[in-house]
Each structure stands twice: as C-alpha cells, then as structure tokens.
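**Student:** Provided herewith: data.pdb, PDB, C-alpha atoms.
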ATOM      1  CA  MET A   1     107.559 110.837 101.881
ATOM      2  CA  ASN A   2     105.698 111.735 105.051
ATOM      3  CA  ALA A   3     105.343 114.428 107.651
ATOM      4  CA  SER A   4     108.159 113.081 109.790
ATOM      5  CA  GLU A   5     110.601 113.572 106.931
ATOM      6  CA  ALA A   6     109.678 117.234 106.830
ATOM      7  CA  VAL A   7     110.908 117.880 110.374
ATOM      8  CA  SER A   8     113.824 120.221 110.122
ATOM      9  CA  VAL A   9     117.132 119.501 111.776
ATOM     10  CA  SER A  10     118.551 122.563 113.444
ATOM     11  CA  SER A  11     120.590 123.294 116.502
ATOM     12  CA  PRO A  12     118.736 123.930 119.800
ATOM     13  CA  SER A  13     120.324 127.372 120.081
ATOM     14  CA  GLU A  14     118.395 128.630 117.066
ATOM     15  CA  PRO A  15     115.219 130.633 117.600
ATOM     16  CA  ILE A  16     112.020 128.548 117.240
ATOM     17  CA  GLY A  17     110.765 130.608 114.266
ATOM     18  CA  ALA A  18     113.950 129.921 112.310
ATOM     19  CA  ARG A  19     113.757 126.216 113.118
ATOM     20  CA  THR A  20     110.213 125.809 111.781
ATOM     21  CA  ARG A  21     111.017 127.747 108.633
ATOM     22  CA  GLN A  22     114.192 125.854 107.828
ATOM     23  CA  VAL A  23     113.781 123.185 105.184
ATOM     24  CA  PRO A  24     116.485 120.489 105.040
ATOM     25  CA  GLY A  25     118.199 119.940 101.699
ATOM     26  CA  ARG A  26     116.866 116.403 101.406
ATOM     27  CA  THR A  27     113.262 117.600 101.900
ATOM     28  CA  ARG A  28     113.785 120.336  99.301
ATOM     29  CA  LEU A  29     115.190 117.753  96.858
ATOM     30  CA  ASP A  30     112.175 115.482  97.469
ATOM     31  CA  PHE A  31     109.737 118.371  97.004
ATOM     32  CA  TRP A  32     111.176 119.692  93.736
ATOM     33  CA  LEU A  33     111.898 116.263  92.242
ATOM     34  CA  ASP A  34     108.379 115.053  93.061
ATOM     35  CA  SER A  35     106.892 118.270  91.644
ATOM     36  CA  ALA A  36     108.900 117.868  88.422
ATOM     37  CA  LEU A  37     107.782 114.237  88.171
ATOM     38  CA  LEU A  38     104.131 115.226  88.650
ATOM     39  CA  VAL A  39     104.250 118.068  86.092
ATOM     40  CA  ALA A  40     106.112 115.873  83.575
ATOM     41  CA  PHE A  41     103.590 113.067  83.970
ATOM     42  CA  ILE A  42     100.568 115.378  83.597
ATOM     43  CA  VAL A  43     102.020 116.956  80.452
ATOM     44  CA  ASP A  44     103.085 113.568  79.087
ATOM     45  CA  TYR A  45      99.645 112.019  79.622
ATOM     46  CA  SER A  46      98.074 114.822  77.558
ATOM     47  CA  PHE A  47      99.451 113.422  74.312
ATOM     48  CA  GLN A  48      97.136 115.450  72.054
ATOM     49  CA  PHE A  49      98.866 118.480  73.551
ATOM     50  CA  THR A  50     102.433 117.169  73.349
ATOM     51  CA  GLY A  51     102.322 115.211  70.093
ATOM     52  CA  LEU A  52     103.905 111.793  69.791
ATOM     53  CA  THR A  53     107.570 112.856  69.597
ATOM     54  CA  VAL A  54     107.535 115.088  72.699
ATOM     55  CA  HIS A  55     105.356 112.499  74.477
ATOM     56  CA  GLU A  56     107.999 109.833  73.881
ATOM     57  CA  TRP A  57     110.959 111.978  74.930
ATOM     58  CA  ILE A  58     109.241 113.044  78.170
ATOM     59  CA  GLY A  59     108.385 109.393  78.828
ATOM     60  CA  LEU A  60     111.997 108.422  78.265
ATOM     61  CA  GLY A  61     113.109 111.134  80.697
ATOM     62  CA  LEU A  62     110.574 109.954  83.292
ATOM     63  CA  ALA A  63     112.283 106.558  83.561
ATOM     64  CA  PRO A  64     115.514 107.639  85.342
ATOM     65  CA  VAL A  65     113.675 110.257  87.446
ATOM     66  CA  LEU A  66     111.227 107.589  88.625
ATOM     67  CA  LEU A  67     114.153 105.326  89.483
ATOM     68  CA  VAL A  68     115.724 108.103  91.601
ATOM     69  CA  HIS A  69     112.334 108.888  93.209
ATOM     70  CA  ILE A  70     111.816 105.287  94.334
ATOM     71  CA  THR A  71     115.448 105.036  95.498
ATOM     72  CA  LEU A  72     115.088 108.185  97.618
ATOM     73  CA  HIS A  73     111.971 106.730  99.269
ATOM     74  CA  TRP A  74     113.233 103.155  99.522
ATOM     75  CA  ASP A  75     113.651 103.438 103.275
ATOM     76  CA  TRP A  76     109.962 104.360 103.613
ATOM     77  CA  VAL A  77     109.002 101.392 101.399
ATOM     78  CA  ALA A  78     111.106  98.953 103.454
ATOM     79  CA  ARG A  79     109.941 100.399 106.806
ATOM     80  CA  THR A  80     106.236 100.364 105.872
ATOM     81  CA  THR A  81     106.455  96.883 104.352
ATOM     82  CA  ARG A  82     107.971  95.571 107.611
ATOM     83  CA  ARG A  83     105.290  97.372 109.623
ATOM     84  CA  LEU A  84     102.491  95.770 107.561
ATOM     85  CA  PHE A  85     103.224  92.543 109.401
ATOM     86  CA  GLY A  86     103.097  94.225 112.795
ATOM     87  CA  ARG A  87     101.359  97.314 114.204
ATOM     88  CA  ARG A  88      99.870  99.291 111.349
ATOM     89  CA  THR A  89      97.221 101.907 110.672
ATOM     90  CA  GLY A  90      94.577 101.758 107.958
ATOM     91  CA  ARG A  91      96.078 104.849 106.370
ATOM     92  CA  GLU A  92      99.463 103.133 106.050
ATOM     93  CA  VAL A  93      97.895 100.082 104.404
ATOM     94  CA  ILE A  94      96.029 102.282 101.901
ATOM     95  CA  ARG A  95      99.171 104.284 101.094
ATOM     96  CA  TRP A  96     101.243 101.143 100.688
ATOM     97  CA  GLY A  97      98.617  99.583  98.408
ATOM     98  CA  VAL A  98      98.290 102.719  96.275
ATOM     99  CA  ASP A  99     102.081 103.057  96.009
ATOM    100  CA  LEU A 100     102.542  99.393  95.070
ATOM    101  CA  ALA A 101      99.838  99.643  92.384
ATOM    102  CA  LEU A 102     101.382 102.903  91.147
ATOM    103  CA  VAL A 103     104.870 101.388  90.824
ATOM    104  CA  LEU A 104     103.467  98.400  88.922
ATOM    105  CA  ALA A 105     101.352 100.567  86.597
ATOM    106  CA  MET A 106     103.986 103.236  85.985
ATOM    107  CA  VAL A 107     106.858 100.811  85.353
ATOM    108  CA  LEU A 108     104.726  98.771  82.928
ATOM    109  CA  CYS A 109     103.515 101.990  81.277
ATOM    110  CA  ILE A 110     107.042 103.347  80.714
ATOM    111  CA  ALA A 111     108.491  99.961  79.709
ATOM    112  CA  SER A 112     105.703  99.299  77.183
ATOM    113  CA  GLY A 113     106.058 102.876  75.924
ATOM    114  CA  LEU A 114     109.757 102.274  75.244
ATOM    115  CA  LEU A 115     108.997  99.002  73.461
ATOM    116  CA  ILE A 116     106.472 100.601  71.052
ATOM    117  CA  SER A 117     108.349 103.906  70.649
ATOM    118  CA  ARG A 118     108.382 105.223  67.083
ATOM    119  CA  HIS A 119     110.717 108.209  67.474
ATOM    120  CA  ALA A 120     112.699 108.504  70.730
ATOM    121  CA  VAL A 121     114.033 104.965  71.161
ATOM    122  CA  PRO A 122     114.780 104.437  67.425
ATOM    123  CA  ALA A 123     116.617 107.795  67.474
ATOM    124  CA  LEU A 124     118.927 106.279  70.120
ATOM    125  CA  GLY A 125     119.728 103.415  67.747
ATOM    126  CA  PHE A 126     117.435 100.741  69.166
ATOM    127  CA  SER A 127     114.816  99.044  67.036
ATOM    128  CA  THR A 128     111.239  98.783  68.283
ATOM    129  CA  ASN A 129     108.090  97.298  66.830
ATOM    130  CA  THR A 130     104.402  97.985  67.149
ATOM    131  CA  ASP A 131     102.790  95.200  69.112
ATOM    132  CA  SER A 132      99.107  95.029  69.965
ATOM    133  CA  PHE A 133      99.816  93.714  73.497
ATOM    134  CA  TRP A 134     102.365  96.391  74.433
ATOM    135  CA  THR A 135     100.232  99.143  72.845
ATOM    136  CA  GLY A 136      97.175  97.973  74.754
ATOM    137  CA  LEU A 137      99.170  97.615  77.964
ATOM    138  CA  HIS A 138     100.599 101.113  77.506
ATOM    139  CA  THR A 139      97.206 102.832  77.183
ATOM    140  CA  THR A 140      95.604 100.727  79.939
ATOM    141  CA  THR A 141      98.396 101.294  82.471
ATOM    142  CA  ALA A 142      98.542 105.012  81.555
ATOM    143  CA  ASP A 143      94.848 105.367  82.451
ATOM    144  CA  PHE A 144      95.410 103.532  85.753
ATOM    145  CA  THR A 145      98.534 105.586  86.450
ATOM    146  CA  VAL A 146      96.751 108.930  86.064
ATOM    147  CA  VAL A 147      94.259 107.897  88.773
ATOM    148  CA  LEU A 148      96.949 106.406  91.046
ATOM    149  CA  VAL A 149      99.193 109.479  90.710
ATOM    150  CA  GLY A 150      96.280 111.634  91.877
ATOM    151  CA  LEU A 151      95.714 109.360  94.884
ATOM    152  CA  HIS A 152      99.464 109.167  95.620
ATOM    153  CA  VAL A 153      99.725 112.974  95.667
ATOM    154  CA  ALA A 154      96.489 113.370  97.617
ATOM    155  CA  LEU A 155      97.617 110.993 100.370
ATOM    156  CA  SER A 156     100.676 113.219 100.914
ATOM    157  CA  TRP A 157      98.789 116.502 100.775
ATOM    158  CA  ARG A 158      99.676 117.543 104.361
ATOM    159  CA  TRP A 159     103.394 117.034 103.664
ATOM    160  CA  ILE A 160     103.099 119.010 100.400
ATOM    161  CA  VAL A 161     101.271 121.905 102.070
ATOM    162  CA  SER A 162     103.678 121.924 105.037
ATOM    163  CA  VAL A 163     106.865 121.938 102.924
ATOM    164  CA  GLY A 164     105.361 124.275 100.316
ATOM    165  CA  ARG A 165     104.417 126.800 103.013
ATOM    166  CA  ARG A 166     107.906 126.694 104.533
ATOM    167  CA  LEU A 167     109.576 127.070 101.142
ATOM    168  CA  VAL A 168     107.395 130.085 100.335
ATOM    169  CA  ALA A 169     108.062 131.600 103.772
ATOM    170  CA  ARG A 170     111.783 130.979 103.329
ATOM    171  CA  SER A 171     111.939 132.641  99.914
ATOM    172  CA  ALA A 172     109.853 135.582 101.197
ATOM    173  CA  SER A 173     112.128 136.251 104.184
TER     174      SER A 173
ATOM    175  CA  MET B 174     134.908 108.277 114.620
ATOM    176  CA  ASP B 175     132.456 106.608 116.921
ATOM    177  CA  ARG B 176     132.944 103.651 119.250
ATOM    178  CA  LEU B 177     132.529 101.195 116.358
ATOM    179  CA  ARG B 178     135.263 103.067 114.464
ATOM    180  CA  TRP B 179     132.808 104.207 111.802
ATOM    181  CA  PRO B 180     133.738 107.570 110.300
ATOM    182  CA  THR B 181     131.533 110.522 111.194
ATOM    183  CA  PRO B 182     128.832 111.235 108.603
ATOM    184  CA  GLY B 183     130.138 114.715 107.889
ATOM    185  CA  GLY B 184     133.531 113.611 106.561
ATOM    186  CA  GLU B 185     134.596 112.655 103.045
ATOM    187  CA  VAL B 186     134.378 108.969 103.911
ATOM    188  CA  GLY B 187     130.813 109.584 105.113
ATOM    189  CA  ILE B 188     129.876 111.114 101.751
ATOM    190  CA  VAL B 189     131.394 108.151  99.894
ATOM    191  CA  ARG B 190     129.520 105.732 102.169
ATOM    192  CA  SER B 191     126.167 107.460 101.672
ATOM    193  CA  ALA B 192     126.789 107.615  97.894
ATOM    194  CA  LEU B 193     127.561 103.891  97.866
ATOM    195  CA  GLY B 194     124.445 103.263  99.941
ATOM    196  CA  PHE B 195     122.373 105.251  97.421
ATOM    197  CA  VAL B 196     123.858 103.301  94.489
ATOM    198  CA  GLY B 197     123.174 100.017  96.328
ATOM    199  CA  ARG B 198     119.543 101.003  96.896
ATOM    200  CA  MET B 199     119.257 102.076  93.247
ATOM    201  CA  VAL B 200     120.533  98.666  92.099
ATOM    202  CA  LEU B 201     117.886  97.072  94.325
ATOM    203  CA  VAL B 202     115.181  99.310  92.822
ATOM    204  CA  ALA B 203     116.446  98.493  89.300
ATOM    205  CA  LEU B 204     116.078  94.788  90.132
ATOM    206  CA  VAL B 205     112.502  95.377  91.331
ATOM    207  CA  VAL B 206     111.796  97.300  88.089
ATOM    208  CA  ALA B 207     113.298  94.450  86.057
ATOM    209  CA  GLY B 208     111.038  92.028  87.955
ATOM    210  CA  ILE B 209     107.967  94.115  87.073
ATOM    211  CA  VAL B 210     109.008  94.199  83.386
ATOM    212  CA  ALA B 211     109.430  90.408  83.555
ATOM    213  CA  ILE B 212     105.857  90.186  84.892
ATOM    214  CA  GLY B 213     104.830  92.202  81.803
ATOM    215  CA  TYR B 214     106.542  89.691  79.519
ATOM    216  CA  GLY B 215     104.919  86.825  81.423
ATOM    217  CA  TRP B 216     101.555  88.548  81.046
ATOM    218  CA  LYS B 217     102.084  88.865  77.273
ATOM    219  CA  HIS B 218     102.485  85.128  76.915
ATOM    220  CA  SER B 219      99.640  84.225  79.268
ATOM    221  CA  PRO B 220      95.933  83.775  78.426
ATOM    222  CA  ALA B 221      95.277  87.007  80.398
ATOM    223  CA  ALA B 222      97.008  89.015  77.633
ATOM    224  CA  SER B 223      93.667  89.533  75.897
ATOM    225  CA  VAL B 224      92.580  91.747  78.820
ATOM    226  CA  VAL B 225      94.791  94.614  77.631
ATOM    227  CA  VAL B 226      95.590  93.789  73.995
ATOM    228  CA  ASP B 227      94.788  96.577  71.533
ATOM    229  CA  ASP B 228      92.020  95.073  69.390
ATOM    230  CA  ARG B 229      92.221  97.775  66.726
ATOM    231  CA  GLN B 230      95.855  96.988  66.028
ATOM    232  CA  ARG B 231      95.230  93.234  66.013
ATOM    233  CA  GLN B 232      92.359  93.691  63.558
ATOM    234  CA  ALA B 233      94.565  95.857  61.343
ATOM    235  CA  ALA B 234      97.204  93.147  61.316
ATOM    236  CA  THR B 235      94.649  90.511  60.333
ATOM    237  CA  GLY B 236      93.162  92.780  57.658
ATOM    238  CA  ASN B 237      89.786  93.334  59.338
ATOM    239  CA  ALA B 238      87.823  95.878  57.283
ATOM    240  CA  SER B 239      86.054  97.378  60.296
ATOM    241  CA  PHE B 240      89.411  98.603  61.654
ATOM    242  CA  ASN B 241      89.350 101.885  59.735
ATOM    243  CA  ARG B 242      85.967 102.834  61.156
ATOM    244  CA  VAL B 243      87.231 102.652  64.730
ATOM    245  CA  PRO B 244      89.155 105.706  65.949
ATOM    246  CA  ASP B 245      92.630 104.702  67.145
ATOM    247  CA  ARG B 246      93.868 106.967  69.894
ATOM    248  CA  ALA B 247      97.477 105.995  69.295
ATOM    249  CA  ARG B 248      97.238 106.605  65.539
ATOM    250  CA  ASP B 249      95.444 109.911  66.001
ATOM    251  CA  ARG B 250      98.121 111.377  68.246
ATOM    252  CA  GLY B 251      99.851 112.949  65.277
ATOM    253  CA  ASN B 252     103.518 113.569  64.899
ATOM    254  CA  HIS B 253     103.406 117.254  65.700
ATOM    255  CA  GLY B 254     105.342 119.052  68.413
ATOM    256  CA  LEU B 255     103.663 120.841  71.314
ATOM    257  CA  SER B 256     100.243 121.930  70.088
ATOM    258  CA  PHE B 257      98.708 124.754  72.102
ATOM    259  CA  GLY B 258      95.569 124.320  70.021
ATOM    260  CA  ASN B 259      95.118 121.062  71.924
ATOM    261  CA  PHE B 260      95.429 122.745  75.320
ATOM    262  CA  PRO B 261      91.998 121.343  76.377
ATOM    263  CA  ASP B 262      93.655 117.908  76.520
ATOM    264  CA  LEU B 263      96.128 119.164  79.125
ATOM    265  CA  ALA B 264      93.323 121.002  80.932
ATOM    266  CA  GLN B 265      91.351 117.751  81.069
ATOM    267  CA  THR B 266      94.272 115.895  82.686
ATOM    268  CA  LEU B 267      94.737 118.736  85.175
ATOM    269  CA  PHE B 268      91.010 118.620  85.967
ATOM    270  CA  VAL B 269      91.095 114.849  86.573
ATOM    271  CA  GLU B 270      94.132 115.140  88.877
ATOM    272  CA  GLY B 271      92.663 118.173  90.662
ATOM    273  CA  ALA B 272      89.331 116.403  91.200
ATOM    274  CA  LEU B 273      91.073 113.317  92.605
ATOM    275  CA  VAL B 274      93.304 115.297  94.955
ATOM    276  CA  GLY B 275      90.415 117.564  95.995
ATOM    277  CA  GLY B 276      88.176 114.564  96.666
ATOM    278  CA  VAL B 277      90.728 112.788  98.849
ATOM    279  CA  VAL B 278      91.600 115.989 100.749
ATOM    280  CA  PHE B 279      87.881 116.627 101.364
ATOM    281  CA  ILE B 280      87.343 113.090 102.690
ATOM    282  CA  ASP B 281      90.502 113.333 104.837
ATOM    283  CA  LEU B 282      89.409 116.644 106.369
ATOM    284  CA  ARG B 283      85.898 115.318 107.063
ATOM    285  CA  LEU B 284      87.260 112.172 108.730
ATOM    286  CA  ARG B 285      89.650 114.180 110.911
ATOM    287  CA  ALA B 286      86.899 116.646 111.888
ATOM    288  CA  ARG B 287      84.590 113.782 112.836
ATOM    289  CA  ARG B 288      87.351 112.130 114.891
ATOM    290  CA  ARG B 289      88.034 115.430 116.678
ATOM    291  CA  GLU B 290      84.318 115.850 117.407
ATOM    292  CA  ARG B 291      84.149 112.354 118.863
ATOM    293  CA  GLN B 292      87.192 112.992 121.057
ATOM    294  CA  SER B 293      85.800 116.273 122.371
ATOM    295  CA  LEU B 294      82.495 114.680 123.468
ATOM    296  CA  PRO B 295      82.313 114.302 127.272
ATOM    297  CA  ASN B 296      82.347 110.710 128.497
ATOM    298  CA  ALA B 297      78.888 109.590 129.578
TER     299      ALA B 297
END
Mind turning this structure into structure tokens?

**Tutor:**
Amino acid sequence: MNASEAVSVSSPSEPIGARTRQVPGRTRLDFWLDSALLVAFIVDYSFQFTGLTVHEWIGLGLAPVLLVHITLHWDWVARTTRRLFGRRTGREVIRWGVDLALVLAMVLCIASGLLISRHAVPALGFSTNTDSFWTGLHTTTADFTVVLVGLHVALSWRWIVSVGRRLVARSAS
Amino acid sequence: MDRLRWPTPGGEVGIVRSALGFVGRMVLVALVVAGIVAIGYGWKHSPAASVVVDDRQRQAATGNASFNRVPDRARDRGNHGLSFGNFPDLAQTLFVEGALVGGVVFIDLRLRARRRERQSLPNA
C-alpha cells in the first residue's frame, strides 16, 4: 500500500476535479479492509474488554482477513524485496523491515492463539491444549504486534489521509 | 485481444485470469504462513524456547506453590462477553496505537520540513 496505488485511473476527458476525487475500487477495498483489520486487532488486543470467547472468535476471523490483506499487497512485497538488492531508499528498507517483523509476529500470534484456544477452536470440533510455550509465544508476539501495527499504519499515514480525504469528499458530493 | 493473443482485461476471460492470479498469490502467501508456523514449531523444540515460555503455566504444571501468588494475565481474562466496564483496557490500546502513529507522523513531518529547508537554502 503506497501513494502510487492511490492514483486514480480516469479518462483524460474528465474534468481534473473529478479525476482527483475518484477513488478506484481496488483502493477503496484496500482502505476498508485495512481499516477493518486495524479496528479488529485493536479490539481483540484489549482482551479485558472483549473477554476470552469474543477475543478468540475475533482472532479466528483475523486469520483469513490477514491472508487476503497480504495477498492483495503481494505485488508490493515482491517489488520492494527485489528493489532491496538494487536502488533503494532508507524509508523503503524501514517499511520492509517493519512489515516483515509484523508478518512474523502476527502469524505466530494468531497460530499460537489457535493452538491454545479454549472456546472457538474446540467449538469447531478441533481439540487444543494449553501449552506454556504457545501461551508465552502468544502474549509475547501480541505485545510486539501492537507496536508493529502502530508503526505499519504510521508509515502509510500519507496514503491513509489522501484516500480518506477523497472518500469523504466523494460521499459529500 | 492484443498482439500476443491475450484476452483484454475487461472481458470474462480477463476476470477468470485475474481471479486465478489472486488464488495463485494466495497459495503462495499460505505457503509463507505455513513456513512461519513451522519456524514456531522449530522454536518450541529449540533451546531458545525458554525466551517466550510462560513461566506461570510451567510452574503450575510442576506444582510450584508460588504460582498462585503471581497474577496470570491469561487466567484473569475471564470468560465473559464484551465488558463495557473494562473499556479502559480498549482505551489503553487506542492510546498506545495513537501515540505510536502520532510519534511517527511527527518525526516524518519534521524530517520533511528540514529537508525542504535545506533545499530552499541558496547555494553558497
């Protein structure tokens, strides 16, 4: 997700104002999916607020959404990884590092959460057991993930503001 | 159809192709995810497992008496549904995320302003 993805595709005959306000479907999908992922993660991390059962079901729901999120941005991952070996900016290296750490932490967090689940996964007919390693890994990676999610969002703040503004302007007009 | 006889992206065949491409990428991502989970399993069986292992649970399993004096975050979660009485927990997470985002945005704006200042200086 970056600023270049937010560039709208419209015909040259359209007035300039309409072109800047138009938000492509793919960008809208990215924006709303990413927002849902962020809100779900923030609520899920606050487990005193959600309680264990809701916490587990949200976590279970996060897994497929995360898979779709990474798939949608796979081109960016591949492109930036290739560029790391050639001409690159410091910002790109930081973003790539944060994103790699976030994927590792979030996947381990969700996977360990599923393995120690007491309500959601057993309700689907799978047996789980409490294990001191997976429990420890779950809480440790969750704490890392909350920091990395903040950095991940912050590094895309210009894209978020740009798309958010255009979506608001579009709904207002 | 273009010169390479590929169908135009707007057609039905184009939709099928992009859907297949998406599924292919998703399979690739699933493999990466499986690799990360495998790293987790490898970690569990390595000496580095003690870095993250939950000591409270291990002590409980071995019957350590001091276990009950240590608060266990996982045990204290409760089995309730959404508890608005515990809203401060959500507020705390929001504060942490907001502080992180705000901090990075502040640093980013400062760096850009400094770069702009440097560019606007006349060459000596």

**Student:** When you look at His55 of chain A with a cut-off of 12 Å (counting only C-alpha atoms), what residues show up, excluding the ones that are within fewer than 3 positions of it in the same chain? I need them as a ChimeraX atom specification.

**Tutor:** /A:40-52,58-62,110,113-114,117-121 /B:247,250-256

**Student:** Could you tell me which residues of chain A sit within 8 Å of chain B when counting only C-alpha atoms, and give me the result as number ranges by chain?

**Tutor:** A: 42-43, 45-54, 67-68, 70-72, 74, 104, 107-108, 111, 131-137, 140, 146-147, 149-151, 153-155, 157

**Student:** Take the selection from the previous step and output its residues with C-alpha atoms, as a CSV table (one decimal), in the frame of the given file.

**Tutor:**
chain,number,residue,atom,x,y,z
A,42,ILE,CA,100.6,115.4,83.6
A,43,VAL,CA,102.0,117.0,80.5
A,45,TYR,CA,99.6,112.0,79.6
A,46,SER,CA,98.1,114.8,77.6
A,47,PHE,CA,99.5,113.4,74.3
A,48,GLN,CA,97.1,115.4,72.1
A,49,PHE,CA,98.9,118.5,73.6
A,50,THR,CA,102.4,117.2,73.3
A,51,GLY,CA,102.3,115.2,70.1
A,52,LEU,CA,103.9,111.8,69.8
A,53,THR,CA,107.6,112.9,69.6
A,54,VAL,CA,107.5,115.1,72.7
A,67,LEU,CA,114.2,105.3,89.5
A,68,VAL,CA,115.7,108.1,91.6
A,70,ILE,CA,111.8,105.3,94.3
A,71,THR,CA,115.4,105.0,95.5
A,72,LEU,CA,115.1,108.2,97.6
A,74,TRP,CA,113.2,103.2,99.5
A,104,LEU,CA,103.5,98.4,88.9
A,107,VAL,CA,106.9,100.8,85.4
A,108,LEU,CA,104.7,98.8,82.9
A,111,ALA,CA,108.5,100.0,79.7
A,131,ASP,CA,102.8,95.2,69.1
A,132,SER,CA,99.1,95.0,70.0
A,133,PHE,CA,99.8,93.7,73.5
A,134,TRP,CA,102.4,96.4,74.4
A,135,THR,CA,100.2,99.1,72.8
A,136,GLY,CA,97.2,98.0,74.8
A,137,LEU,CA,99.2,97.6,78.0
A,140,THR,CA,95.6,100.7,79.9
A,146,VAL,CA,96.8,108.9,86.1
A,147,VAL,CA,94.3,107.9,88.8
A,149,VAL,CA,99.2,109.5,90.7
A,150,GLY,CA,96.3,111.6,91.9
A,151,LEU,CA,95.7,109.4,94.9
A,153,VAL,CA,99.7,113.0,95.7
A,154,ALA,CA,96.5,113.4,97.6
A,155,LEU,CA,97.6,111.0,100.4
A,157,TRP,CA,98.8,116.5,100.8

**Student:** Could you tell me how far atom CA of Ile280 of chain B sits from atom CA of Trp76 of chain A, in Å to one decimal place?

**Tutor:**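 Computing it gives 24.3 Å between the two atoms.
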
**Student:** Go ahead and compute the interatomic distance for atom CA of Leu37 of chain A and atom CA of Ala63 of chain A, in Å to one decimal.

**Tutor:**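 Going from atom CA of Leu37 of chain A over to atom CA of Ala63 of chain A covers 10.0 Å.
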
**Student:** Which residues would end up in the selection if the PyMOL selection byres ((chain A and resi 141) around 7) were applied here, given that I need the answer as a PDB file with C-alpha atoms, in the frame of the given file?

**Tutor:**
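Contents of the output file part.pdb:
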ATOM      1  CA  ALA A 105     101.352 100.567  86.597  1.00  0.00           C
ATOM      2  CA  MET A 106     103.986 103.236  85.985  1.00  0.00           C
ATOM      3  CA  LEU A 108     104.726  98.771  82.928  1.00  0.00           C
ATOM      4  CA  CYS A 109     103.515 101.990  81.277  1.00  0.00           C
ATOM      5  CA  LEU A 137      99.170  97.615  77.964  1.00  0.00           C
ATOM      6  CA  HIS A 138     100.599 101.113  77.506  1.00  0.00           C
ATOM      7  CA  THR A 139      97.206 102.832  77.183  1.00  0.00           C
ATOM      8  CA  THR A 140      95.604 100.727  79.939  1.00  0.00           C
ATOM      9  CA  ALA A 142      98.542 105.012  81.555  1.00  0.00           C
ATOM     10  CA  ASP A 143      94.848 105.367  82.451  1.00  0.00           C
ATOM     11  CA  PHE A 144      95.410 103.532  85.753  1.00  0.00           C
ATOM     12  CA  THR A 145      98.534 105.586  86.450  1.00  0.00           C
TER      13      THR A 145
END

**Student:** Please compute the atom CA of Ala169 of chain A-atom CA of Gln22 of chain A distance, one decimal, in Å.

**Tutor:**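 Atom CA of Gln22 of chain A lies at a distance of 9.3 Å from atom CA of Ala169 of chain A.
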
**Student:** Reconstruct all heavy atoms of segment 281-287 of chain B from the incomplete input and present them as an mmCIF file, in the frame of the given file.

**Tutor:**
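Everything below was put into rebuild_26.cif:
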data_model
loop_
_atom_site.group_PDB
_atom_site.id
_atom_site.type_symbol
_atom_site.label_atom_id
_atom_site.label_comp_id
_atom_site.auth_asym_id
_atom_site.auth_seq_id
_atom_site.Cartn_x
_atom_site.Cartn_y
_atom_site.Cartn_z
ATOM 1 N N ASP B 281 89.534 113.340 103.731
ATOM 2 C CA ASP B 281 90.502 113.333 104.837
ATOM 3 C C ASP B 281 90.122 114.376 105.897
ATOM 4 O O ASP B 281 90.126 114.091 107.098
ATOM 5 C CB ASP B 281 91.905 113.602 104.283
ATOM 6 C CG ASP B 281 92.980 113.422 105.336
ATOM 7 O OD1 ASP B 281 92.895 112.446 106.105
ATOM 8 O OD2 ASP B 281 93.905 114.262 105.411
ATOM 9 N N LEU B 282 89.779 115.579 105.430
ATOM 10 C CA LEU B 282 89.409 116.644 106.369
ATOM 11 C C LEU B 282 88.136 116.293 107.127
ATOM 12 O O LEU B 282 88.026 116.546 108.328
ATOM 13 C CB LEU B 282 89.233 117.969 105.616
ATOM 14 C CG LEU B 282 90.524 118.631 105.128
ATOM 15 C CD1 LEU B 282 90.205 119.832 104.249
ATOM 16 C CD2 LEU B 282 91.397 119.078 106.313
ATOM 17 N N ARG B 283 87.155 115.701 106.432
ATOM 18 C CA ARG B 283 85.898 115.318 107.063
ATOM 19 C C ARG B 283 86.137 114.245 108.138
ATOM 20 O O ARG B 283 85.586 114.314 109.233
ATOM 21 C CB ARG B 283 84.915 114.755 106.010
ATOM 22 C CG ARG B 283 84.381 115.787 105.057
ATOM 23 C CD ARG B 283 83.333 116.666 105.655
ATOM 24 N NE ARG B 283 82.141 115.937 106.095
ATOM 25 C CZ ARG B 283 81.199 116.468 106.858
ATOM 26 N NH1 ARG B 283 81.315 117.705 107.297
ATOM 27 N NH2 ARG B 283 80.148 115.770 107.203
ATOM 28 N N LEU B 284 86.978 113.258 107.786
ATOM 29 C CA LEU B 284 87.260 112.172 108.730
ATOM 30 C C LEU B 284 87.959 112.711 109.979
ATOM 31 O O LEU B 284 87.637 112.325 111.101
ATOM 32 C CB LEU B 284 88.130 111.097 108.065
ATOM 33 C CG LEU B 284 87.422 110.191 107.044
ATOM 34 C CD1 LEU B 284 88.426 109.260 106.368
ATOM 35 C CD2 LEU B 284 86.329 109.354 107.723
ATOM 36 N N ARG B 285 88.921 113.616 109.770
ATOM 37 C CA ARG B 285 89.650 114.180 110.911
ATOM 38 C C ARG B 285 88.733 115.021 111.790
ATOM 39 O O ARG B 285 88.814 114.985 113.011
ATOM 40 C CB ARG B 285 90.824 115.031 110.431
ATOM 41 C CG ARG B 285 92.047 114.204 110.137
ATOM 42 C CD ARG B 285 93.132 115.014 109.508
ATOM 43 N NE ARG B 285 94.105 114.132 108.880
ATOM 44 C CZ ARG B 285 95.280 113.812 109.418
ATOM 45 N NH1 ARG B 285 95.618 114.284 110.579
ATOM 46 N NH2 ARG B 285 96.114 113.017 108.791
ATOM 47 N N ALA B 286 87.840 115.801 111.131
ATOM 48 C CA ALA B 286 86.899 116.646 111.888
ATOM 49 C C ALA B 286 85.966 115.773 112.725
ATOM 50 O O ALA B 286 85.690 116.077 113.890
ATOM 51 C CB ALA B 286 86.110 117.514 110.919
ATOM 52 N N ARG B 287 85.503 114.686 112.121
ATOM 53 C CA ARG B 287 84.590 113.782 112.836
ATOM 54 C C ARG B 287 85.298 113.129 114.029
ATOM 55 O O ARG B 287 84.729 113.002 115.097
ATOM 56 C CB ARG B 287 84.065 112.703 111.879
ATOM 57 C CG ARG B 287 82.747 112.126 112.333
ATOM 58 C CD ARG B 287 82.248 111.073 111.404
ATOM 59 N NE ARG B 287 81.895 111.605 110.095
ATOM 60 C CZ ARG B 287 81.572 110.835 109.048
ATOM 61 N NH1 ARG B 287 81.584 109.523 109.180
ATOM 62 N NH2 ARG B 287 81.237 111.351 107.908
#
